[in-house]
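Asker: Dropping in final16.tsv, with TSV, C-alpha atoms.
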chain	number	residue	atom	x	y	z
A	186	MET	CA	76.87	95.46	127.44
A	187	ASN	CA	76.05	97.05	130.78
A	188	ASP	CA	72.83	99.06	130.38
A	189	LYS	CA	73.68	101.08	133.48
A	190	ILE	CA	76.74	102.69	131.92
A	191	ILE	CA	75.85	102.49	128.21
A	192	GLN	CA	72.35	102.80	126.80
A	193	TYR	CA	71.40	101.47	123.37
A	194	HIS	CA	68.32	102.14	121.27
A	195	LEU	CA	67.52	101.17	117.69
A	196	SER	CA	64.67	103.06	116.01
A	197	ASP	CA	62.35	101.54	113.44
A	198	LYS	CA	64.19	103.60	110.81
A	199	GLY	CA	67.50	101.96	111.61
A	200	ILE	CA	69.05	104.75	113.68
A	201	ALA	CA	71.10	103.27	116.53
A	202	THR	CA	71.75	105.63	119.45
A	203	VAL	CA	74.59	104.69	121.80
A	204	THR	CA	74.50	106.84	124.93
A	205	LEU	CA	77.17	107.24	127.59
A	206	ASN	CA	75.21	107.15	130.84
A	207	GLN	CA	77.35	108.21	133.79
A	208	PRO	CA	76.44	111.90	134.09
A	209	LEU	CA	77.57	112.20	137.72
A	210	ILE	CA	81.18	111.58	136.67
A	211	HIS	CA	80.80	113.49	133.38
A	212	ASN	CA	80.74	110.21	131.42
A	213	ALA	CA	84.40	109.53	132.12
A	214	PHE	CA	85.38	106.05	131.02
A	215	ASP	CA	87.27	103.15	132.51
A	216	ASP	CA	88.00	99.59	131.46
A	217	ALA	CA	84.35	98.56	131.96
A	218	VAL	CA	83.07	101.38	129.74
A	219	ILE	CA	85.72	100.62	127.12
A	220	ALA	CA	84.65	96.96	127.01
A	221	ALA	CA	80.96	97.93	126.80
A	222	LEU	CA	81.58	100.42	124.00
A	223	THR	CA	83.68	97.94	122.03
A	224	ALA	CA	80.90	95.36	122.29
A	225	VAL	CA	78.13	97.73	121.23
A	226	PHE	CA	80.18	99.17	118.35
A	227	LYS	CA	80.76	95.65	117.04
A	228	GLN	CA	77.06	94.93	117.43
A	229	VAL	CA	76.19	98.04	115.42
A	230	GLY	CA	78.67	97.14	112.71
A	231	GLU	CA	77.31	93.61	112.30
A	232	ASP	CA	73.57	94.39	112.48
A	233	PRO	CA	72.09	94.86	108.97
A	234	ALA	CA	69.12	96.67	110.53
A	235	VAL	CA	71.37	99.57	111.59
A	236	ARG	CA	71.70	102.32	109.00
A	237	VAL	CA	73.20	105.15	111.10
A	238	MET	CA	74.76	105.36	114.57
A	239	VAL	CA	74.57	108.40	116.86
A	240	LEU	CA	77.03	108.54	119.76
A	241	ALA	CA	75.52	110.64	122.55
A	242	ALA	CA	75.84	111.24	126.29
A	243	ASN	CA	73.50	112.00	129.16
A	244	GLY	CA	74.10	114.96	131.44
A	245	LYS	CA	75.91	118.24	131.00
A	246	SER	CA	79.14	116.73	129.63
A	247	PHE	CA	79.85	114.54	126.63
A	248	CYS	CA	82.90	112.75	128.05
A	249	ALA	CA	85.58	113.90	130.48
A	250	GLY	CA	88.11	111.29	129.32
A	251	GLY	CA	89.57	108.76	131.76
A	252	ASP	CA	87.89	108.14	135.10
A	253	LEU	CA	89.99	109.24	138.10
A	254	ASN	CA	89.69	105.92	139.93
A	255	TRP	CA	90.75	104.08	136.78
A	256	MET	CA	93.74	106.39	136.44
A	257	ARG	CA	94.70	105.73	140.06
A	258	ARG	CA	94.65	102.00	139.35
A	259	MET	CA	96.74	102.46	136.22
A	260	ALA	CA	99.40	104.23	138.25
A	261	THR	CA	100.02	100.95	140.10
A	262	TYR	CA	100.03	98.75	136.98
A	263	THR	CA	103.09	97.03	135.59
A	264	PHE	CA	104.16	97.87	132.04
A	265	LYS	CA	102.53	94.66	130.79
A	266	GLU	CA	99.25	95.53	132.54
A	267	ASN	CA	99.32	99.08	131.17
A	268	LEU	CA	100.03	97.77	127.67
A	269	ARG	CA	97.07	95.41	127.85
A	270	ASP	CA	94.84	98.22	129.13
A	271	SER	CA	95.91	100.69	126.44
A	272	THR	CA	95.55	98.05	123.73
A	273	LEU	CA	91.91	97.52	124.70
A	274	LEU	CA	91.32	101.28	124.50
A	275	ALA	CA	93.01	101.39	121.09
A	276	GLU	CA	90.80	98.53	119.88
A	277	MET	CA	87.65	100.36	120.97
A	278	LEU	CA	88.71	103.48	119.06
A	279	ARG	CA	89.68	101.44	115.99
A	280	THR	CA	86.31	99.69	116.02
A	281	LEU	CA	84.48	103.01	116.12
A	282	ASN	CA	86.65	104.62	113.47
A	283	TYR	CA	86.23	101.78	110.98
A	284	LEU	CA	82.57	101.05	111.70
A	285	PRO	CA	80.96	100.23	108.31
A	286	LYS	CA	78.04	102.55	109.07
A	287	PRO	CA	77.94	106.37	109.17
A	288	THR	CA	78.50	107.71	112.67
A	289	ILE	CA	77.54	111.03	114.22
A	290	ALA	CA	78.79	112.35	117.56
A	291	ARG	CA	76.25	114.44	119.51
A	292	VAL	CA	78.41	116.69	121.70
A	293	GLN	CA	77.35	118.91	124.58
A	294	GLY	CA	79.50	120.37	127.35
A	295	ALA	CA	82.98	119.01	127.98
A	296	ALA	CA	84.82	116.58	125.74
A	297	TYR	CA	88.27	116.07	127.22
A	298	GLY	CA	91.09	113.65	126.52
A	299	GLY	CA	89.59	110.39	125.30
A	300	GLY	CA	86.30	112.21	124.76
A	301	VAL	CA	88.00	114.15	121.96
A	302	GLY	CA	89.13	110.80	120.57
A	303	LEU	CA	85.54	109.53	120.44
A	304	VAL	CA	84.49	112.66	118.54
A	305	ALA	CA	87.41	112.35	116.12
A	306	CYS	CA	86.58	108.70	115.37
A	307	CYS	CA	83.04	109.55	114.29
A	308	ASP	CA	82.40	110.52	110.67
A	309	MET	CA	80.56	113.67	111.69
A	310	ALA	CA	80.10	115.63	114.88
A	311	VAL	CA	77.33	118.05	115.83
A	312	ALA	CA	78.14	120.17	118.87
A	313	SER	CA	76.32	122.76	120.91
A	314	THR	CA	77.84	126.19	121.30
A	315	ASP	CA	78.57	125.42	124.97
A	316	ALA	CA	80.80	122.46	124.10
A	317	ALA	CA	84.47	122.66	125.03
A	318	PHE	CA	87.38	120.43	124.11
A	319	CYS	CA	90.77	119.76	125.64
A	320	LEU	CA	93.61	117.37	124.90
A	321	SER	CA	94.55	117.44	128.54
A	322	GLU	CA	96.86	114.43	128.89
A	323	VAL	CA	100.13	116.34	129.24
A	324	LYS	CA	98.74	118.15	132.29
A	325	VAL	CA	99.16	114.91	134.23
A	326	GLY	CA	102.33	113.76	132.52
A	327	LEU	CA	100.70	111.56	129.89
A	328	ILE	CA	100.26	111.80	126.12
A	329	PRO	CA	97.16	111.43	123.87
A	330	ALA	CA	98.66	108.33	122.27
A	331	THR	CA	95.80	105.97	121.37
A	332	ILE	CA	93.53	108.82	120.27
A	333	GLY	CA	96.39	110.56	118.48
A	334	PRO	CA	96.06	109.03	114.99
A	335	TYR	CA	92.38	109.95	114.79
A	336	VAL	CA	92.71	113.46	116.23
A	337	VAL	CA	95.63	114.29	113.91
A	338	ARG	CA	93.53	113.18	110.94
A	339	ALA	CA	90.62	115.27	112.16
A	340	ILE	CA	92.40	118.58	112.86
A	341	GLY	CA	95.72	118.23	111.02
A	342	GLN	CA	99.33	118.01	112.10
A	343	ARG	CA	99.92	121.71	112.75
A	344	ALA	CA	96.98	122.15	115.12
A	345	SER	CA	97.77	118.83	116.80
A	346	ARG	CA	101.32	119.91	117.54
A	347	ARG	CA	99.90	122.91	119.36
A	348	TYR	CA	97.00	121.42	121.27
A	349	PHE	CA	98.71	118.13	122.16
A	350	THR	CA	101.44	120.10	123.91
A	351	THR	CA	99.64	123.15	125.35
A	352	ALA	CA	96.52	121.35	126.64
A	353	GLU	CA	94.64	124.59	125.98
A	354	LEU	CA	90.87	124.71	126.16
A	355	ILE	CA	89.42	124.60	122.65
A	356	THR	CA	86.10	126.40	122.30
A	357	ALA	CA	83.30	124.97	120.22
A	358	GLU	CA	83.83	127.73	117.66
A	359	LYS	CA	87.54	126.91	117.40
A	360	ALA	CA	86.83	123.18	117.16
A	361	HIS	CA	84.49	123.95	114.27
A	362	THR	CA	87.19	125.99	112.54
A	363	LEU	CA	89.71	123.17	113.04
A	364	GLY	CA	87.35	120.63	111.48
A	365	LEU	CA	86.79	118.53	114.59
A	366	ILE	CA	83.15	119.62	114.58
A	367	SER	CA	80.99	119.39	111.45
A	368	GLU	CA	78.06	121.50	112.65
A	369	LEU	CA	77.82	123.99	115.50
A	370	VAL	CA	74.33	124.78	116.80
A	371	ALA	CA	72.45	126.01	119.85
A	372	SER	CA	71.79	123.38	122.52
A	373	ASP	CA	68.11	123.15	121.66
A	374	GLU	CA	68.96	122.54	117.99
A	375	LEU	CA	71.25	119.53	118.46
A	376	ASP	CA	68.60	116.90	117.84
A	377	SER	CA	66.96	118.66	114.91
A	378	CYS	CA	70.33	119.11	113.21
A	379	ILE	CA	71.18	115.43	113.68
A	380	ALA	CA	67.71	114.46	112.45
A	381	ALA	CA	68.31	116.43	109.24
A	382	ILE	CA	71.63	114.68	108.66
A	383	THR	CA	70.23	111.21	109.35
A	384	LYS	CA	67.29	111.91	107.03
A	385	GLN	CA	69.77	112.62	104.25
A	386	LEU	CA	71.83	109.51	105.05
A	387	LEU	CA	68.75	107.27	104.98
A	388	ARG	CA	68.06	108.33	101.40
A	389	ASN	CA	71.32	106.74	100.26
A	390	GLY	CA	72.25	103.14	99.59
A	391	PRO	CA	73.37	101.37	102.80
A	392	ARG	CA	76.05	99.34	101.06
A	393	SER	CA	77.32	102.27	99.03
A	394	ILE	CA	77.58	104.43	102.15
A	395	GLY	CA	79.79	101.81	103.79
A	396	GLU	CA	81.90	101.47	100.66
A	397	ALA	CA	82.19	105.26	100.28
A	398	LYS	CA	83.40	105.56	103.88
A	399	ARG	CA	85.92	102.79	103.30
A	400	LEU	CA	87.10	104.60	100.16
A	401	VAL	CA	87.88	107.77	102.11
A	402	LEU	CA	89.82	105.85	104.75
A	403	ASP	CA	91.81	103.93	102.13
A	404	VAL	CA	92.78	106.80	99.81
A	405	ALA	CA	93.12	109.74	102.21
A	406	ASP	CA	96.87	109.54	102.76
A	407	GLY	CA	97.85	107.47	99.73
A	408	GLU	CA	99.72	108.47	96.62
A	409	ILE	CA	97.61	108.85	93.49
A	410	ASN	CA	99.51	106.29	91.45
A	411	ALA	CA	98.73	103.42	89.09
A	412	ASP	CA	97.78	101.10	91.95
A	413	MET	CA	95.30	103.57	93.42
A	414	ILE	CA	93.79	104.30	90.03
A	415	ALA	CA	93.40	100.58	89.34
A	416	ASP	CA	91.89	99.99	92.76
A	417	THR	CA	89.33	102.80	92.46
A	418	SER	CA	88.42	101.67	88.92
A	419	GLN	CA	87.75	98.19	90.25
A	420	ARG	CA	85.64	99.56	93.08
A	421	ILE	CA	83.32	101.53	90.82
A	422	ALA	CA	83.00	98.58	88.44
A	423	GLU	CA	82.01	96.31	91.33
A	424	THR	CA	79.56	98.90	92.64
A	425	ARG	CA	77.88	99.31	89.24
A	426	GLY	CA	77.35	95.56	89.03
A	427	SER	CA	76.10	95.15	92.58
A	428	GLU	CA	72.46	94.54	93.44
A	429	GLU	CA	72.25	97.90	95.21
A	430	GLY	CA	73.92	99.70	92.32
A	431	ARG	CA	71.56	98.21	89.76
A	432	GLU	CA	68.55	99.05	91.94
A	433	GLY	CA	69.72	102.62	92.48
A	434	LEU	CA	70.32	103.29	88.79
A	435	SER	CA	67.02	101.65	87.82
A	436	ALA	CA	65.12	103.73	90.36
A	437	PHE	CA	66.76	106.91	89.07
A	438	LEU	CA	65.94	106.14	85.43
A	439	GLU	CA	62.40	105.04	86.31
A	440	LYS	CA	61.88	108.13	88.50
A	441	ARG	CA	60.93	106.13	91.58
A	442	LYS	CA	62.35	105.68	95.07
A	443	PRO	CA	64.95	102.91	95.49
A	444	ASN	CA	63.93	100.01	97.69
A	445	TRP	CA	66.05	101.13	100.67
A	446	ILE	CA	63.91	104.25	101.23
A	447	GLN	CA	61.01	103.44	103.56
Let me see the file written as structure tokens.

Answerer:
Amino acid sequence: MNDKIIQYHLSDKGIATVTLNQPLIHNAFDDAVIAALTAVFKQVGEDPAVRVMVLAANGKSFCAGGDLNWMRRMATYTFKENLRDSTLLAEMLRTLNYLPKPTIARVQGAAYGGGVGLVACCDMAVASTDAAFCLSEVKVGLIPATIGPYVVRAIGQRASRRYFTTAELITAEKAHTLGLISELVASDELDSCIAAITKQLLRNGPRSIGEAKRLVLDVADGEINADMIADTSQRIAETRGSEEGREGLSAFLEKRKPNWIQ
């Protein structure tokens, strides 16, 4: 990980903060940033000390999408080179989306193109009222392909069909209405709002949080049939018999804090 473009901090409570750190170019990303983010997301996912991850950015913008110099280079790539490049971007987004820890995007200012994808891949997003969003790819003859699956799941097919094709500016208020943003607050309330959410998350079982997130991802678009019912029955049975499940139930019955609460 390159500390100059991505900053990482892990608090003593297990809150990992990953910060995009190129404010002069509005935190636009290129292949180096994509590689750094993929590495740090994998690190977060594998570190048992991490309980929650916050994805943030320095400066007045969250992320302006692809860096202009990177886009100029891509224009000269062969199909094979472009496919390799886009596959690496898709892998970074997949890693973030399926991270086995709860993730919160901290959004201020502009989130364009791939920046919207980063927000959509997080479990929750807290944005300031000055945030603005745009799926701007069609303005330059491209499409929001690798971010598409996550954005469609975040805002729905109908809204995606509009904003993928119009490239309209989406206000923070509209993004909140669409479901892209979980909480909309004043700029000076971003950190306190995120702190309240992380405080709630830290009260819950780390393993069960990961399993609950996986459950949502697995059942969201599936048919409620015999296979799904059998699968969910097996999951709850396994959870009840797990070490964390037994500790949580014992703590509840004994009216004490479970051992994962510091």

Asker: Which neighbours of Cys307 (chain A) fall inside 12 Å, counting all atoms listed in the file, when residues of the same chain fewer than 6 positions from it are skipped, and could you give them as a ChimeraX atom specification?

Answerer: /A:226,237-241,278-292,300-301,335-336,338-339,365-367,398

Asker: Please work out which residues fall within 9 Å of (70.7, 113.7, 114.3), coordinates as given in the file, with all atoms listed in the file counting, and return them as an MDAnalysis selection string.

Answerer: chainID A and resid 239 289:291 311 375:384

Asker: Have a look at CA of Ser196 (chain A) and CA of Gln293 (chain A) and let me know their distance in Å, one decimal.

Answerer: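 A separation of 22.0 Å between them.
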
Asker: Just the residues within 8 Å of Thr223 (chain A), please, counting all atoms listed in the file, with nothing from its chain fewer than 2 positions along; format it as a PyMOL selection string.

Answerer: chain A and resi 219-221+225-227+276-277+280-281

Asker: Between CA of Gly326 (chain A) and CA of Ala357 (chain A), what distance in Å does the model show, to one decimal?

Answerer: 25.3 Å

Asker: Which of these, A:Lys324, A:Arg236, A:Lys442, A:His211, has the shortest distance to Thr351 (chain A) once you count all atoms listed in the file?

Answerer: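 Comparing A:Lys324, A:Arg236, A:Lys442, A:His211 against Thr351 (chain A), the winner is A:Lys324.
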
Asker: May I ask for the distance between CA of Ile421 (chain A) and CA of Gly364 (chain A), given in Å to one decimal place?

Answerer: 28.4 Å

Asker: What lies within 8 Å of Ile446 (chain A) using all atoms listed in the file, ignoring chain neighbours under 6 positions off, as an mmCIF file with C-alpha atoms, in the frame of the given file?

Answerer:
data_model
loop_
_atom_site.group_PDB
_atom_site.id
_atom_site.type_symbol
_atom_site.label_atom_id
_atom_site.label_comp_id
_atom_site.auth_asym_id
_atom_site.auth_seq_id
_atom_site.Cartn_x
_atom_site.Cartn_y
_atom_site.Cartn_z
ATOM 1 C CA LEU A 387 68.750 107.270 104.980
ATOM 2 C CA ARG A 388 68.060 108.330 101.400
ATOM 3 C CA ASN A 389 71.320 106.740 100.260
#

Asker: I need the residue nearest Pro334 (chain A) from this list: A:Ala316, A:Leu434, A:Leu303, A:Leu209. Use only C-alpha atoms for the distance.

Answerer: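 Using only C-alpha atoms, Pro334 (chain A) sits closest to A:Leu303.
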